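Scroll down for the structure; my scribbles are underneath it.
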Amino acid sequence: VLFRSRMEDEEEMCDAAAAFSRLPLPRGNRVGIVTTSGGTGVLMADACEMAGLKVPLLDEATQKALTAYVPSFGSTVNPVDVTAQVSINPVGTQKGAVSPLVGTLKVLADSGAVDAIVLVVNLSDGDVVLREREHLAGFMKTLKMPLLVYTHAQASEDSLDLLWSIGLSCFGSTRRVARTLQLMLAYQRILERPPVPAASFRITRTRSEEHTSEL
């Protein structure tokens, strides 16, 4: 399969390499955004739209399922705003100490409403990922779509190491996330194309070969 795309710089090339080597490809262009910051979630949605991706309004059933994890002062549309409360109260609102962050991600992944998920979170504090590590690791083992992480603050080394250990990469801008998803979707579209029959080549002899056969 021939896949050719122009990379703007070495940063974009590294983003693509990390995503293609660690994440499944999206089956479509619908993106679900989970954010701890409402404003940054909107910026992420804008970047996706500019890259030709869709950030669809979630259906009523999915929004209802999300209310088990999203605070009443958050938002269950798309982007899904779980607010900074997930960093303060990682235990969750359901029995079994379900992580509200991972619970939200799972609802989106199982909804059939999106083809990729972007998690927008502040990773300047390594403890945020540390508290969620077990839940995130278990979630990643069953996830069938790409999950990209964007931090709107300088990520700590501990956060980056923990994310990498469970199969995730962290991106430093909304544009880089959207561009990476755009590239992944473009490659998926190529894979979905029907196979092209092998071209028929007519073998002709060169003049030297014809001369040799006459000898």
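Identifiers for the structure tokens are assigned positionally: chains receive A, B, ... in sequence, residues are indexed from 1 per chain, and ligands are indexed from 1 in the order shown.
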
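Within segment 11-210 of chain A, residues classed as strand (DSSP E) by DSSP on backbone coordinates are A:Val31, A:Gly32, A:Ile33, A:Val34, A:Thr35, A:Val80, A:Asp81, A:Ala116, A:Ile117, A:Val118, A:Leu119, A:Val120, A:Val121, A:Leu147, A:Leu148, A:Val149, A:Tyr150, A:Thr151, A:Cys170, A:Phe171.
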
If you keep C-alpha atoms, can you produce a file of those selected residues as a tab-separated table (two decimals), in the first residue's frame?
```tsv
chain	number	residue	atom	x	y	z
A	31	VAL	CA	-14.10	12.44	17.43
A	32	GLY	CA	-15.19	12.36	21.05
A	33	ILE	CA	-13.43	14.84	23.32
A	34	VAL	CA	-13.15	14.40	27.08
A	35	THR	CA	-11.76	17.43	28.84
A	80	VAL	CA	-17.56	16.13	27.39
A	81	ASP	CA	-16.47	18.39	30.25
A	116	ALA	CA	-11.59	8.25	18.10
A	117	ILE	CA	-11.21	9.86	21.51
A	118	VAL	CA	-9.11	12.81	22.61
A	119	LEU	CA	-8.41	13.28	26.31
A	120	VAL	CA	-7.63	16.88	27.27
A	121	VAL	CA	-6.00	17.08	30.69
A	147	LEU	CA	-7.05	7.55	22.25
A	148	LEU	CA	-4.83	10.62	22.00
A	149	VAL	CA	-3.86	12.70	25.02
A	150	TYR	CA	-3.40	16.48	24.87
A	151	THR	CA	-2.04	18.46	27.81
A	170	CYS	CA	1.06	12.91	24.83
A	171	PHE	CA	0.69	15.85	22.43
```

Quick one: everything within 12 Å of segment 75-77 of chain A, counting only C-alpha atoms, minus sequence neighbours fewer than 2 positions away in the same chain. Send it as a PDB file with C-alpha atoms, in the first residue's frame.
```
ATOM      1  CA  GLY A  32     -15.194  12.356  21.051  1.00  0.00           C
ATOM      2  CA  ILE A  33     -13.428  14.840  23.319  1.00  0.00           C
ATOM      3  CA  VAL A  34     -13.148  14.397  27.082  1.00  0.00           C
ATOM      4  CA  THR A  35     -11.761  17.432  28.842  1.00  0.00           C
ATOM      5  CA  THR A  36     -11.063  18.702  32.344  1.00  0.00           C
ATOM      6  CA  SER A  37     -11.163  22.273  31.016  1.00  0.00           C
ATOM      7  CA  GLY A  38     -14.199  23.512  29.113  1.00  0.00           C
ATOM      8  CA  GLY A  39     -12.367  26.242  27.210  1.00  0.00           C
ATOM      9  CA  GLY A  41     -12.030  21.366  25.033  1.00  0.00           C
ATOM     10  CA  VAL A  42     -13.591  23.922  22.676  1.00  0.00           C
ATOM     11  CA  ALA A  45     -12.977  20.764  18.896  1.00  0.00           C
ATOM     12  CA  VAL A  55     -17.127  16.467  16.739  1.00  0.00           C
ATOM     13  CA  PRO A  56     -20.724  15.210  16.788  1.00  0.00           C
ATOM     14  CA  LEU A  57     -23.357  16.020  19.367  1.00  0.00           C
ATOM     15  CA  LEU A  58     -23.783  12.870  21.460  1.00  0.00           C
ATOM     16  CA  ASP A  59     -27.124  11.069  21.409  1.00  0.00           C
ATOM     17  CA  GLU A  60     -29.480  11.140  24.374  1.00  0.00           C
ATOM     18  CA  ALA A  61     -28.663   7.593  25.545  1.00  0.00           C
ATOM     19  CA  THR A  62     -24.930   8.290  25.614  1.00  0.00           C
ATOM     20  CA  GLN A  63     -25.405  11.574  27.449  1.00  0.00           C
ATOM     21  CA  LYS A  64     -27.580   9.848  30.024  1.00  0.00           C
ATOM     22  CA  ALA A  65     -24.914   7.182  30.606  1.00  0.00           C
ATOM     23  CA  LEU A  66     -22.301   9.894  31.062  1.00  0.00           C
ATOM     24  CA  THR A  67     -24.239  11.526  33.920  1.00  0.00           C
ATOM     25  CA  ALA A  68     -23.016   8.706  36.175  1.00  0.00           C
ATOM     26  CA  TYR A  69     -19.503  10.152  35.918  1.00  0.00           C
ATOM     27  CA  VAL A  70     -19.835  13.799  34.902  1.00  0.00           C
ATOM     28  CA  PRO A  71     -20.661  16.344  37.646  1.00  0.00           C
ATOM     29  CA  SER A  72     -23.908  18.271  37.301  1.00  0.00           C
ATOM     30  CA  PHE A  73     -21.907  21.431  36.596  1.00  0.00           C
ATOM     31  CA  PRO A  79     -16.784  17.948  24.141  1.00  0.00           C
ATOM     32  CA  VAL A  80     -17.563  16.134  27.386  1.00  0.00           C
ATOM     33  CA  ASP A  81     -16.472  18.391  30.246  1.00  0.00           C
ATOM     34  CA  VAL A  82     -15.733  16.263  33.311  1.00  0.00           C
ATOM     35  CA  THR A  83     -14.238  19.373  34.977  1.00  0.00           C
ATOM     36  CA  THR A 104     -16.416   8.528  30.867  1.00  0.00           C
ATOM     37  CA  LEU A 105     -13.896   7.246  28.333  1.00  0.00           C
ATOM     38  CA  VAL A 107     -19.004   5.179  27.810  1.00  0.00           C
ATOM     39  CA  LEU A 108     -17.737   7.039  24.752  1.00  0.00           C
ATOM     40  CA  ALA A 113     -21.047   7.504  18.361  1.00  0.00           C
TER      41      ALA A 113
END
```

Please report, as a PyMOL selection string, each residue of segment 5-204 of chain A to which DSSP assigns helix (DSSP H, G or I) when run on this structure's backbone. chain A and resi 10-22+38-50+60-66+85-88+100-111+126-142+157-165+174-191

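Across the model, the gap from atom CA of Met140 of chain A to atom CA of Gly167 of chain A is 7.4 Å.
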
In Å, rounded to a single decimal, give me how far atom CA of Pro146 of chain A is from atom CA of Pro24 of chain A.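 Rounded to one decimal, the two atoms are 5.3 Å apart.
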
Report the distance between atom CA of Asn122 of chain A and atom CA of Ala153 of chain A in Å, rounded to one decimal place. 5.6 Å

Which residues are near Gly28 of chain A? Cut-off 6 Å, only C-alpha atoms, ignore same chain within fewer than 2 positions. Put them as an MDAnalysis selection string. chainID A and resid 26 30 115

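Distances here use only C-alpha atoms; by that measure, the residue among A:Leu168, A:Ala19, A:Leu163, A:Met145 closest to Val114 of chain A is A:Met145.
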
Using only C-alpha atoms, which protein or nucleic acid residues come within 12 Å of Leu130 of chain A? Drop anything in the same chain fewer than 5 positions from it, and give the result as a list in words.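 Returned residues: Ser87, Pro90, Leu123, Asp125, His135, Leu136, Ala137, Ser156, Glu157, Asp158, Ser159, Leu160, Asp161, Leu162, Leu163, Ser165 and Ile166 of chain A.
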
Please produce a file of the residues just selected, as a short mmCIF file (atom, residue, chain, number, x, y, z; two decimals), in the first residue's frame, where the atoms kept are C-alpha atoms.
```
data_model
loop_
_atom_site.label_atom_id
_atom_site.label_comp_id
_atom_site.auth_asym_id
_atom_site.auth_seq_id
_atom_site.Cartn_x
_atom_site.Cartn_y
_atom_site.Cartn_z
CA SER A 87 -8.43 15.22 39.70
CA PRO A 90 -10.91 10.08 41.41
CA LEU A 123 -0.45 16.76 33.14
CA ASP A 125 1.19 17.03 38.08
CA HIS A 135 -7.87 2.06 35.44
CA LEU A 136 -6.31 3.52 32.30
CA ALA A 137 -4.11 0.48 31.73
CA SER A 156 5.81 16.30 34.01
CA GLU A 157 8.34 13.60 33.23
CA ASP A 158 6.46 11.19 35.50
CA SER A 159 3.25 11.77 33.53
CA LEU A 160 4.94 11.16 30.20
CA ASP A 161 6.64 7.98 31.43
CA LEU A 162 3.41 6.60 32.88
CA LEU A 163 1.43 7.32 29.73
CA SER A 165 4.12 2.60 29.78
CA ILE A 166 0.42 1.94 29.13
#
```

Which residues come within 10 Å of segment 51-53 of chain A, counting only C-alpha atoms, excluding same-chain residues fewer than 3 positions away, as a PyMOL selection string? chain A and resi 28-31+45-48+56+175+177-183+185

Write the residues of the selection above to a file with all heavy atoms, as a compact mmCIF listing (two decimals), in the first residue's frame.
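File produced: selection.txt:
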```txt
# COMPACT_ATOMS: atom_id res chain seq x y z
N GLY A 28 -13.58 6.04 11.26
CA GLY A 28 -14.31 7.17 10.68
C GLY A 28 -13.76 8.47 11.22
O GLY A 28 -12.75 8.49 11.92
N ASN A 29 -14.45 9.57 10.91
CA ASN A 29 -13.92 10.88 11.26
C ASN A 29 -14.60 11.51 12.48
O ASN A 29 -14.42 12.70 12.76
CB ASN A 29 -14.04 11.83 10.07
CG ASN A 29 -15.49 12.16 9.72
OD1 ASN A 29 -16.42 11.48 10.17
ND2 ASN A 29 -15.69 13.18 8.92
N ARG A 30 -15.38 10.73 13.25
CA ARG A 30 -16.08 11.27 14.41
C ARG A 30 -15.19 11.20 15.66
O ARG A 30 -14.72 10.14 16.03
CB ARG A 30 -17.37 10.50 14.66
CG ARG A 30 -18.34 10.47 13.48
CD ARG A 30 -19.45 9.47 13.72
NE ARG A 30 -18.91 8.12 13.92
CZ ARG A 30 -19.62 7.09 14.37
NH1 ARG A 30 -20.91 7.24 14.64
NH2 ARG A 30 -19.06 5.90 14.52
N VAL A 31 -15.00 12.36 16.29
CA VAL A 31 -14.10 12.44 17.43
C VAL A 31 -14.88 12.80 18.69
O VAL A 31 -15.67 13.75 18.70
CB VAL A 31 -13.01 13.51 17.19
CG1 VAL A 31 -12.05 13.56 18.38
CG2 VAL A 31 -12.24 13.21 15.91
N ALA A 45 -11.91 21.01 19.87
CA ALA A 45 -12.98 20.76 18.90
C ALA A 45 -12.77 21.60 17.64
O ALA A 45 -12.95 21.11 16.51
CB ALA A 45 -14.33 21.08 19.52
N ASP A 46 -12.36 22.85 17.80
CA ASP A 46 -12.10 23.71 16.65
C ASP A 46 -10.97 23.15 15.78
O ASP A 46 -11.05 23.17 14.55
CB ASP A 46 -11.73 25.12 17.12
CG ASP A 46 -12.93 25.88 17.68
OD1 ASP A 46 -14.07 25.45 17.45
OD2 ASP A 46 -12.71 26.90 18.37
N ALA A 47 -9.91 22.67 16.44
CA ALA A 47 -8.78 22.12 15.70
C ALA A 47 -9.21 20.88 14.90
O ALA A 47 -8.78 20.68 13.76
CB ALA A 47 -7.65 21.76 16.66
N CYS A 48 -10.05 20.05 15.49
CA CYS A 48 -10.54 18.87 14.78
C CYS A 48 -11.38 19.25 13.57
O CYS A 48 -11.22 18.68 12.48
CB CYS A 48 -11.37 18.00 15.74
SG CYS A 48 -10.39 17.11 16.97
N PRO A 56 -19.26 15.28 16.82
CA PRO A 56 -20.72 15.21 16.79
C PRO A 56 -21.36 15.41 18.16
O PRO A 56 -20.77 15.11 19.20
CB PRO A 56 -20.99 13.79 16.29
CG PRO A 56 -19.81 13.00 16.80
CD PRO A 56 -18.65 13.94 16.69
N ARG A 175 -3.48 21.43 17.50
CA ARG A 175 -3.20 21.21 16.08
C ARG A 175 -2.50 19.90 15.84
O ARG A 175 -2.82 19.17 14.89
CB ARG A 175 -2.35 22.36 15.52
CG ARG A 175 -2.12 22.25 14.01
CD ARG A 175 -0.93 23.08 13.57
NE ARG A 175 0.32 22.58 14.14
CZ ARG A 175 1.00 21.55 13.63
NH1 ARG A 175 0.55 20.88 12.59
NH2 ARG A 175 2.14 21.17 14.19
N VAL A 177 -2.62 17.17 17.65
CA VAL A 177 -3.56 16.07 17.85
C VAL A 177 -4.44 15.90 16.61
O VAL A 177 -4.59 14.79 16.08
CB VAL A 177 -4.45 16.31 19.08
CG1 VAL A 177 -5.55 15.26 19.18
CG2 VAL A 177 -3.62 16.31 20.36
N ALA A 178 -5.02 16.99 16.15
CA ALA A 178 -5.92 16.93 15.00
C ALA A 178 -5.19 16.46 13.74
O ALA A 178 -5.72 15.66 12.96
CB ALA A 178 -6.56 18.30 14.78
N ARG A 179 -3.99 16.95 13.54
CA ARG A 179 -3.20 16.56 12.36
C ARG A 179 -2.88 15.07 12.40
O ARG A 179 -2.96 14.38 11.37
CB ARG A 179 -1.92 17.39 12.29
CG ARG A 179 -0.93 16.98 11.20
CD ARG A 179 -1.54 17.04 9.82
NE ARG A 179 -0.53 16.79 8.79
CZ ARG A 179 -0.82 16.40 7.55
NH1 ARG A 179 -2.08 16.23 7.16
NH2 ARG A 179 0.15 16.21 6.68
N THR A 180 -2.52 14.57 13.57
CA THR A 180 -2.20 13.14 13.69
C THR A 180 -3.43 12.29 13.38
O THR A 180 -3.35 11.28 12.66
CB THR A 180 -1.67 12.82 15.09
OG1 THR A 180 -0.50 13.60 15.34
CG2 THR A 180 -1.32 11.35 15.23
N LEU A 181 -4.58 12.67 13.90
CA LEU A 181 -5.80 11.93 13.61
C LEU A 181 -6.15 12.02 12.13
O LEU A 181 -6.62 11.04 11.53
CB LEU A 181 -6.96 12.50 14.44
CG LEU A 181 -7.09 11.98 15.87
CD1 LEU A 181 -8.19 12.73 16.61
CD2 LEU A 181 -7.37 10.48 15.89
N GLN A 182 -5.90 13.16 11.53
CA GLN A 182 -6.14 13.33 10.10
C GLN A 182 -5.29 12.36 9.28
O GLN A 182 -5.78 11.72 8.34
CB GLN A 182 -5.81 14.78 9.71
CG GLN A 182 -6.09 15.13 8.26
CD GLN A 182 -5.61 16.53 7.93
OE1 GLN A 182 -4.48 16.90 8.21
NE2 GLN A 182 -6.50 17.33 7.34
N LEU A 183 -4.03 12.21 9.65
CA LEU A 183 -3.14 11.29 8.95
C LEU A 183 -3.58 9.84 9.15
O LEU A 183 -3.56 9.03 8.21
CB LEU A 183 -1.71 11.47 9.45
CG LEU A 183 -1.00 12.76 9.05
CD1 LEU A 183 0.31 12.91 9.82
CD2 LEU A 183 -0.75 12.81 7.55
N LEU A 185 -6.58 8.72 9.78
CA LEU A 185 -7.81 8.47 9.03
C LEU A 185 -7.52 8.34 7.54
O LEU A 185 -8.10 7.50 6.85
CB LEU A 185 -8.81 9.60 9.28
CG LEU A 185 -10.14 9.48 8.55
CD1 LEU A 185 -10.87 8.20 8.95
CD2 LEU A 185 -11.02 10.70 8.83
```
